[in-house]
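One file, coords-v2.csv, carrying CSV, C-alpha atoms:
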```
chain,number,residue,atom,x,y,z
Y,1,MET,CA,47.1,-36.0,-55.2
Y,2,ILE,CA,47.2,-34.7,-51.7
Y,3,LYS,CA,50.7,-33.5,-50.6
Y,4,ALA,CA,50.0,-31.4,-47.6
Y,5,ILE,CA,47.7,-31.7,-44.6
Y,6,ILE,CA,47.0,-28.5,-42.7
Y,7,PHE,CA,45.4,-28.5,-39.2
Y,8,ASP,CA,43.7,-26.0,-36.9
Y,9,LYS,CA,45.0,-26.2,-33.3
Y,10,ASP,CA,42.5,-25.6,-30.5
Y,11,GLY,CA,39.4,-27.8,-30.6
Y,12,THR,CA,41.1,-29.9,-33.3
Y,13,LEU,CA,44.4,-31.1,-31.9
Y,14,ILE,CA,44.1,-29.8,-28.4
Y,15,ASP,CA,40.9,-30.1,-26.4
Y,16,LEU,CA,39.4,-26.6,-26.5
Y,17,GLY,CA,37.1,-26.9,-23.4
Y,18,ASN,CA,39.4,-28.6,-21.0
Y,19,THR,CA,42.3,-26.5,-22.0
Y,20,TRP,CA,41.0,-23.0,-22.6
Y,21,ASP,CA,37.8,-22.5,-20.5
Y,22,GLU,CA,39.7,-21.5,-17.4
Y,23,PRO,CA,42.2,-19.0,-18.9
Y,24,THR,CA,39.6,-17.5,-21.2
Y,25,ILE,CA,37.1,-16.9,-18.5
Y,26,HIS,CA,39.8,-15.4,-16.3
Y,27,ALA,CA,41.1,-13.2,-19.2
Y,28,MET,CA,37.6,-11.8,-19.8
Y,29,ASP,CA,37.0,-11.2,-16.1
Y,30,VAL,CA,40.3,-9.2,-16.0
Y,31,MET,CA,39.3,-7.2,-19.0
Y,32,MET,CA,35.8,-6.5,-17.6
Y,33,GLU,CA,37.4,-4.9,-14.5
Y,34,LEU,CA,38.8,-2.2,-16.8
Y,35,THR,CA,35.3,-1.2,-17.9
Y,36,ASP,CA,32.6,0.9,-16.3
Y,37,LEU,CA,30.0,-1.7,-16.9
Y,38,SER,CA,27.6,-2.9,-14.2
Y,39,LEU,CA,27.7,-6.5,-13.1
Y,40,VAL,CA,24.7,-7.4,-15.3
Y,41,GLU,CA,26.3,-5.6,-18.3
Y,42,LYS,CA,29.6,-7.4,-17.7
Y,43,ILE,CA,27.8,-10.7,-17.8
Y,44,LYS,CA,26.0,-9.8,-21.0
Y,45,PHE,CA,29.1,-8.6,-22.7
Y,46,LYS,CA,31.0,-11.7,-21.8
Y,47,GLN,CA,28.2,-13.7,-23.3
Y,48,LYS,CA,28.6,-11.6,-26.5
Y,49,MET,CA,32.3,-12.6,-26.5
Y,50,GLY,CA,31.3,-16.3,-26.1
Y,51,VAL,CA,31.9,-16.7,-22.3
Y,52,GLU,CA,29.3,-18.2,-20.1
Y,53,ALA,CA,29.8,-18.7,-16.3
Y,54,THR,CA,31.8,-21.9,-16.5
Y,55,TYR,CA,32.6,-22.5,-20.2
Y,56,ILE,CA,33.3,-20.9,-23.5
Y,57,VAL,CA,30.9,-21.2,-26.4
Y,58,PRO,CA,32.2,-23.2,-29.4
Y,59,ASN,CA,32.6,-21.1,-32.6
Y,60,SER,CA,32.4,-17.8,-30.6
Y,61,VAL,CA,34.9,-15.0,-31.0
Y,62,VAL,CA,36.9,-16.3,-28.0
Y,63,ALA,CA,36.8,-19.9,-29.3
Y,64,ALA,CA,37.5,-19.3,-33.0
Y,65,GLY,CA,38.6,-15.7,-33.4
Y,66,SER,CA,42.1,-14.2,-33.3
Y,67,ILE,CA,43.4,-12.2,-30.3
Y,68,SER,CA,43.1,-9.1,-32.6
Y,69,GLU,CA,39.4,-9.9,-33.3
Y,70,GLN,CA,38.8,-10.4,-29.5
Y,71,ALA,CA,40.5,-7.2,-28.8
Y,72,ALA,CA,38.5,-5.3,-31.4
Y,73,LEU,CA,35.3,-6.5,-29.8
Y,74,LEU,CA,36.5,-5.7,-26.3
Y,75,SER,CA,37.4,-2.2,-27.4
Y,76,GLU,CA,33.7,-1.4,-27.4
Y,77,VAL,CA,33.8,-1.3,-23.6
Y,78,VAL,CA,37.5,-1.3,-22.6
Y,79,PRO,CA,38.9,2.3,-22.8
Y,80,LEU,CA,42.2,1.2,-24.3
Y,81,PRO,CA,43.7,1.0,-27.8
Y,82,ILE,CA,43.0,-2.3,-29.5
Y,83,THR,CA,46.7,-3.0,-29.7
Y,84,GLU,CA,47.1,-2.6,-26.0
Y,85,ILE,CA,44.1,-4.8,-25.3
Y,86,ALA,CA,45.5,-7.5,-27.6
Y,87,LEU,CA,48.9,-7.4,-25.8
Y,88,LYS,CA,47.1,-7.8,-22.4
Y,89,LEU,CA,45.1,-10.8,-23.7
Y,90,GLU,CA,48.2,-12.4,-25.2
Y,91,GLN,CA,50.1,-12.1,-21.9
Y,92,LEU,CA,47.2,-13.5,-19.9
Y,93,TYR,CA,46.9,-16.5,-22.2
Y,94,LEU,CA,50.6,-17.1,-22.4
Y,95,ASP,CA,51.0,-16.9,-18.6
Y,96,TYR,CA,48.5,-19.7,-18.3
Y,97,ILE,CA,50.2,-21.9,-20.8
Y,98,VAL,CA,53.7,-21.6,-19.3
Y,99,ARG,CA,52.5,-22.4,-15.8
Y,100,SER,CA,54.2,-25.7,-14.8
Y,101,ASP,CA,51.0,-27.2,-13.4
Y,102,VAL,CA,48.9,-26.8,-16.5
Y,103,GLU,CA,48.4,-29.8,-18.7
Y,104,LEU,CA,47.2,-29.5,-22.3
Y,105,ASN,CA,44.9,-32.3,-23.3
Y,106,VAL,CA,45.7,-33.6,-26.8
Y,107,ILE,CA,42.7,-35.0,-28.7
Y,108,ALA,CA,42.7,-38.8,-28.7
Y,109,HIS,CA,44.7,-40.4,-31.6
Y,110,ALA,CA,45.8,-36.9,-32.8
Y,111,GLU,CA,49.5,-37.5,-32.1
Y,112,SER,CA,49.7,-41.0,-33.5
Y,113,THR,CA,47.9,-39.8,-36.7
Y,114,LEU,CA,50.3,-36.8,-37.1
Y,115,LYS,CA,53.2,-39.2,-36.6
Y,116,ALA,CA,51.9,-41.6,-39.3
Y,117,LEU,CA,51.0,-38.9,-41.8
Y,118,LYS,CA,54.3,-37.1,-41.4
Y,119,GLU,CA,56.0,-40.0,-43.2
Y,120,ASN,CA,54.3,-39.1,-46.5
Y,121,TYR,CA,52.9,-35.5,-46.3
Y,122,VAL,CA,53.9,-32.0,-45.5
Y,123,ILE,CA,52.2,-31.3,-42.2
Y,124,GLY,CA,51.1,-27.7,-41.5
Y,125,LEU,CA,49.2,-25.8,-38.8
Y,126,VAL,CA,47.3,-22.6,-39.4
Y,127,THR,CA,45.8,-21.1,-36.3
Y,128,ASN,CA,44.1,-17.9,-35.3
Y,129,ASP,CA,46.2,-17.8,-32.1
Y,130,ASN,CA,49.4,-15.7,-31.9
Y,131,ARG,CA,52.7,-17.3,-32.4
Y,132,SER,CA,53.9,-17.0,-28.8
Y,133,ILE,CA,50.9,-18.9,-27.5
Y,134,THR,CA,51.0,-21.4,-30.4
Y,135,GLU,CA,54.6,-22.3,-29.9
Y,136,ALA,CA,54.2,-22.6,-26.1
Y,137,SER,CA,51.1,-24.8,-26.5
Y,138,LEU,CA,52.5,-27.1,-29.1
Y,139,ALA,CA,55.8,-27.6,-27.1
Y,140,LYS,CA,53.9,-28.3,-23.9
Y,141,ALA,CA,51.6,-30.7,-25.7
Y,142,GLY,CA,54.5,-32.4,-27.3
Y,143,LEU,CA,53.2,-31.8,-30.8
Y,144,ASN,CA,55.7,-29.3,-32.1
Y,145,ILE,CA,58.0,-32.0,-33.6
Y,146,TYR,CA,55.4,-33.0,-36.2
Y,147,PHE,CA,54.9,-29.7,-38.1
Y,148,ASP,CA,56.8,-28.6,-41.1
Y,149,TYR,CA,55.0,-25.3,-41.4
Y,150,ILE,CA,53.2,-23.1,-38.8
Y,151,ALA,CA,51.3,-19.9,-39.5
Y,152,CYS,CA,49.7,-17.7,-36.8
Y,153,ALA,CA,47.4,-14.8,-36.8
Y,154,ASP,CA,50.2,-12.3,-36.0
Y,155,ASP,CA,52.2,-13.7,-39.0
Y,156,PHE,CA,49.4,-13.2,-41.5
Y,157,LYS,CA,45.8,-12.1,-41.6
Y,158,PRO,CA,43.7,-14.5,-39.6
Y,159,LYS,CA,41.5,-17.2,-41.1
Y,160,PRO,CA,39.6,-17.3,-43.3
Y,161,ASP,CA,42.0,-15.1,-45.3
Y,162,PRO,CA,44.0,-17.7,-47.3
Y,163,ILE,CA,47.3,-15.8,-47.4
Y,164,ALA,CA,49.0,-18.5,-45.2
Y,165,LEU,CA,48.0,-21.2,-47.6
Y,166,HIS,CA,49.5,-19.3,-50.5
Y,167,ASP,CA,52.7,-18.8,-48.4
Y,168,LEU,CA,52.9,-22.6,-47.7
Y,169,SER,CA,52.3,-23.2,-51.4
Y,170,GLU,CA,55.2,-21.0,-52.4
Y,171,LYS,CA,57.6,-22.4,-49.9
Y,172,TYR,CA,56.9,-26.1,-50.7
Y,173,GLY,CA,55.8,-25.9,-54.3
Y,174,ILE,CA,52.4,-27.4,-53.4
Y,175,GLN,CA,49.2,-26.2,-55.0
Y,176,LEU,CA,46.2,-25.4,-52.9
Y,177,ASP,CA,44.2,-28.2,-54.5
Y,178,GLU,CA,47.0,-30.5,-53.3
Y,179,MET,CA,46.2,-29.6,-49.6
Y,180,ILE,CA,43.4,-30.4,-47.2
Y,181,TYR,CA,42.5,-28.5,-44.1
Y,182,VAL,CA,41.2,-30.1,-40.8
Y,183,GLY,CA,39.4,-27.9,-38.3
Y,184,ASP,CA,36.4,-27.7,-35.9
Y,185,SER,CA,34.7,-24.4,-36.6
Y,186,SER,CA,32.6,-22.7,-39.3
Y,187,VAL,CA,35.6,-20.4,-40.0
Y,188,ASP,CA,37.8,-23.5,-40.6
Y,189,MET,CA,35.3,-24.9,-43.1
Y,190,ILE,CA,35.2,-21.6,-45.0
Y,191,TYR,CA,39.0,-21.7,-44.9
Y,192,GLY,CA,39.2,-25.3,-46.0
Y,193,LYS,CA,37.3,-24.5,-49.2
Y,194,TYR,CA,40.5,-22.9,-50.5
Y,195,THR,CA,42.0,-26.4,-50.4
Y,196,GLN,CA,41.0,-29.7,-52.0
Y,197,ALA,CA,38.7,-30.5,-49.0
Y,198,ALA,CA,37.5,-29.0,-45.8
Y,199,ILE,CA,37.6,-31.8,-43.1
Y,200,GLY,CA,35.4,-31.1,-40.1
Y,201,PHE,CA,36.3,-32.6,-36.8
Y,202,ALA,CA,33.5,-33.0,-34.3
Y,203,LEU,CA,34.3,-34.4,-30.9
Y,204,GLU,CA,30.8,-34.0,-29.7
Y,205,ASP,CA,27.4,-34.0,-31.5
Y,206,GLU,CA,26.8,-30.4,-30.6
Y,207,HIS,CA,29.9,-29.4,-32.7
Y,208,LEU,CA,28.3,-30.7,-35.9
Y,209,VAL,CA,26.2,-27.6,-36.3
Y,210,HIS,CA,29.4,-25.6,-37.1
Y,211,LEU,CA,30.4,-28.0,-39.8
Y,212,SER,CA,27.6,-27.7,-42.3
Y,213,GLU,CA,30.1,-26.6,-45.0
Y,214,ALA,CA,32.5,-29.5,-44.5
Y,215,ASP,CA,33.3,-31.8,-47.4
Y,216,TYR,CA,33.9,-34.6,-44.9
Y,217,ILE,CA,33.4,-35.0,-41.1
Y,218,ILE,CA,35.5,-37.1,-38.8
Y,219,ARG,CA,34.6,-38.0,-35.2
Y,220,SER,CA,38.1,-39.6,-34.6
Y,221,PHE,CA,41.5,-38.9,-36.0
Y,222,GLU,CA,41.7,-42.6,-36.8
Y,223,GLN,CA,39.3,-41.9,-39.7
Y,224,LEU,CA,41.5,-39.3,-41.4
Y,225,PRO,CA,44.0,-41.5,-43.3
Y,226,ALA,CA,41.1,-43.4,-45.0
Y,227,ILE,CA,39.5,-40.1,-46.1
Y,228,ILE,CA,42.8,-38.9,-47.5
Y,229,GLN,CA,43.1,-42.1,-49.4
Y,230,SER,CA,39.6,-41.7,-50.7
Y,231,ILE,CA,40.3,-38.2,-51.9
Y,232,ASN,CA,43.5,-39.4,-53.6
Y,233,LYS,CA,41.4,-42.0,-55.4
Y,234,GLY,CA,39.1,-39.2,-56.6
Y,235,LYS,CA,36.0,-40.2,-54.7
Y,236,LYS,CA,34.1,-39.4,-51.6
Y,237,GLU,CA,33.0,-41.9,-49.0
```

Encoding of this model in C-alpha cells:
Amino acid sequence: MIKAIIFDKDGTLIDLGNTWDEPTIHAMDVMMELTDLSLVEKIKFKQKMGVEATYIVPNSVVAAGSISEQAALLSEVVPLPITEIALKLEQLYLDYIVRSDVELNVIAHAESTLKALKENYVIGLVTNDNRSITEASLAKAGLNIYFDYIACADDFKPKPDPIALHDLSEKYGIQLDEMIYVGDSSVDMIYGKYTQAAIGFALEDEHLVHLSEADYIIRSFEQLPAIIQSINKGKKE
C-alpha cells in the first residue's frame, strides 16, 4: 500500500522552461565571462551544459543536474574552485527567484492534486536544487504548505543516490516500496526505481524520450490519483 508520494520540483511541479530558461541562460553567460574562451568556444561550452540561445535542453546538466554537478562541469573552463563556482551559481539563481516581478508557473492541476493527496499520504519533495532556491521557489509558487518532507542536493547526495529516500523512510516509518516518485527526467526515473513505482510526467511529447524507464507515464496531474489507486490494487493500467 502506498503511504508516501515524492515529487521532483522543476519540470514536474513548476514549469521548467517558462521559469528557468531566463535565469539559467543569464547564469551561464555570467560564468562564461570568467573564462578565456572565444565567442565560438563559449557557445559550444554552453551547449555542452545544455544551454542553447533561447532555451535550456531538457534532461541536460542545467535542467536535471545539481548546482554542484553544474559547477563541476564549469570548472573545466572557469578558473575558480568548484565550491566558489557553486556559490556564484546559487546566488545568481536565488537572486532571480526573489525578484518581486518574477512569477513561477505551476504546472496545471499540480496544486489541486497535492491538496487532495495530502489528506491521505505523506507528501515529499526530493530535488537536485539547493535548499535556499527550493524554499524560495516553493514559497513563491504557493506550494510549500503541501510538503511534509523536503530534501535538497545540499542536504544529501543528489539524485539518483537514494539517501534522501532512506532518510524519509526512517523519519516516517515508511518503507521504500510504500513510496512512489514522480519526476520528468531520466535521472528521476532511475531514482524512482528505488520506490514502488517511477511515475514519469511529460508535459510535451518531446519529453517522453527521457521517460523510457518509467513504470507509468502521466500527461496531466489529474491522472495521478487513479494510478496510485491502481498500484494499491496491485495492478498496472

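For stretch 133-144 of chain Y, the set of protein, DNA and RNA residues having any atom at most 9 Å away, when counting only C-alpha atoms and skipping those fewer than 5 positions along the same chain, is Lys9, Leu13, Ile14, Glu90, Gln91, Tyr93, Leu94, Ile97, Val98, Glu103, Leu104, Asn105, Val106, Glu111, Leu114, Thr127, Ile150 and Cys152 of chain Y.
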
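All residues of protein, DNA or RNA that reach within 9 Å of Y:Gly65, judged by only C-alpha atoms and not counting those fewer than 5 positions away in the chain, are Asn59, Ser60, Gln70, Asn128, Asp129, Pro158, Lys159 and Val187 of chain Y.
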
- Message: Please determine, counting all atoms listed in the file, which residue among Y:Leu117, Y:Ile85, Y:Ile25, Y:Leu125 has the shortest atom-to-atom distance to Y:Asp10.
- Response: Y:Leu125

- Query: With all atoms listed in the file as the basis for distance, which of Y:Phe156, Y:Tyr121, Y:Leu168, Y:Ala108 is at the shortest distance from Y:Gln223?
  - Reply: Y:Ala108

- For each of Y:Ala226, Y:Ile174, Y:Ile190, Y:Leu208, take the minimum atom-to-atom distance to Y:Ile2, counting all atoms listed in the file, then give the residue where this is smallest. Y:Ile174

- Message: Give me, as a VMD selection string, all polymer residues having an atom no more than 12 Å from Y:Gln47, counting all atoms listed in the file and skipping those fewer than 3 positions away in the same chain.
- Response: chain Y and resid 25 28 to 29 32 40 to 44 50 to 58 60 to 62 74

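Proximity of Y:Leu39, Y:Ile6, Y:Leu16, Y:Leu224 to Y:Thr195, computed with only C-alpha atoms, is greatest for Y:Ile6.
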
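The space between atom CA of Y:Val77 and atom CA of Y:Asp161 spans 27.0 Å.
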
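Distance annotation: of Y:Val126, Y:Leu34, Y:Ala63, Y:Ile180, the residue with the minimal separation from Y:Asp21 is Y:Ala63; atom set is all atoms listed in the file.
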
- Item | Y:Val122 environment, 8 Å, only C-alpha atoms, sequence neighbours closer than 3 positions dropped, as an MDAnalysis selection string | chainID Y and resid 3:5 118 147:149

Next, write the just-selected residues to a file, as a PDB file, keeping the file's coordinate frame, keeping C-alpha atoms as the atom set.
```pdb
ATOM      1  CA  LYS Y   3      50.700 -33.500 -50.600  1.00  0.00           C
ATOM      2  CA  ALA Y   4      50.000 -31.400 -47.600  1.00  0.00           C
ATOM      3  CA  ILE Y   5      47.700 -31.700 -44.600  1.00  0.00           C
ATOM      4  CA  LYS Y 118      54.300 -37.100 -41.400  1.00  0.00           C
ATOM      5  CA  PHE Y 147      54.900 -29.700 -38.100  1.00  0.00           C
ATOM      6  CA  ASP Y 148      56.800 -28.600 -41.100  1.00  0.00           C
ATOM      7  CA  TYR Y 149      55.000 -25.300 -41.400  1.00  0.00           C
TER       8      TYR Y 149
END
```

- Task: Name the closest residue to Y:Glu33 among the candidates Y:Ala64, Y:Met1, Y:Val78, Y:Leu176; distances are taken between atoms, counting only C-alpha atoms.
- Result: Y:Val78

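You will find atom CA of Y:Leu73 at 7.6 Å from atom CA of Y:Met49.
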
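From atom CA of Y:Asp155 back to atom CA of Y:Arg99, the distance works out to 24.8 Å.
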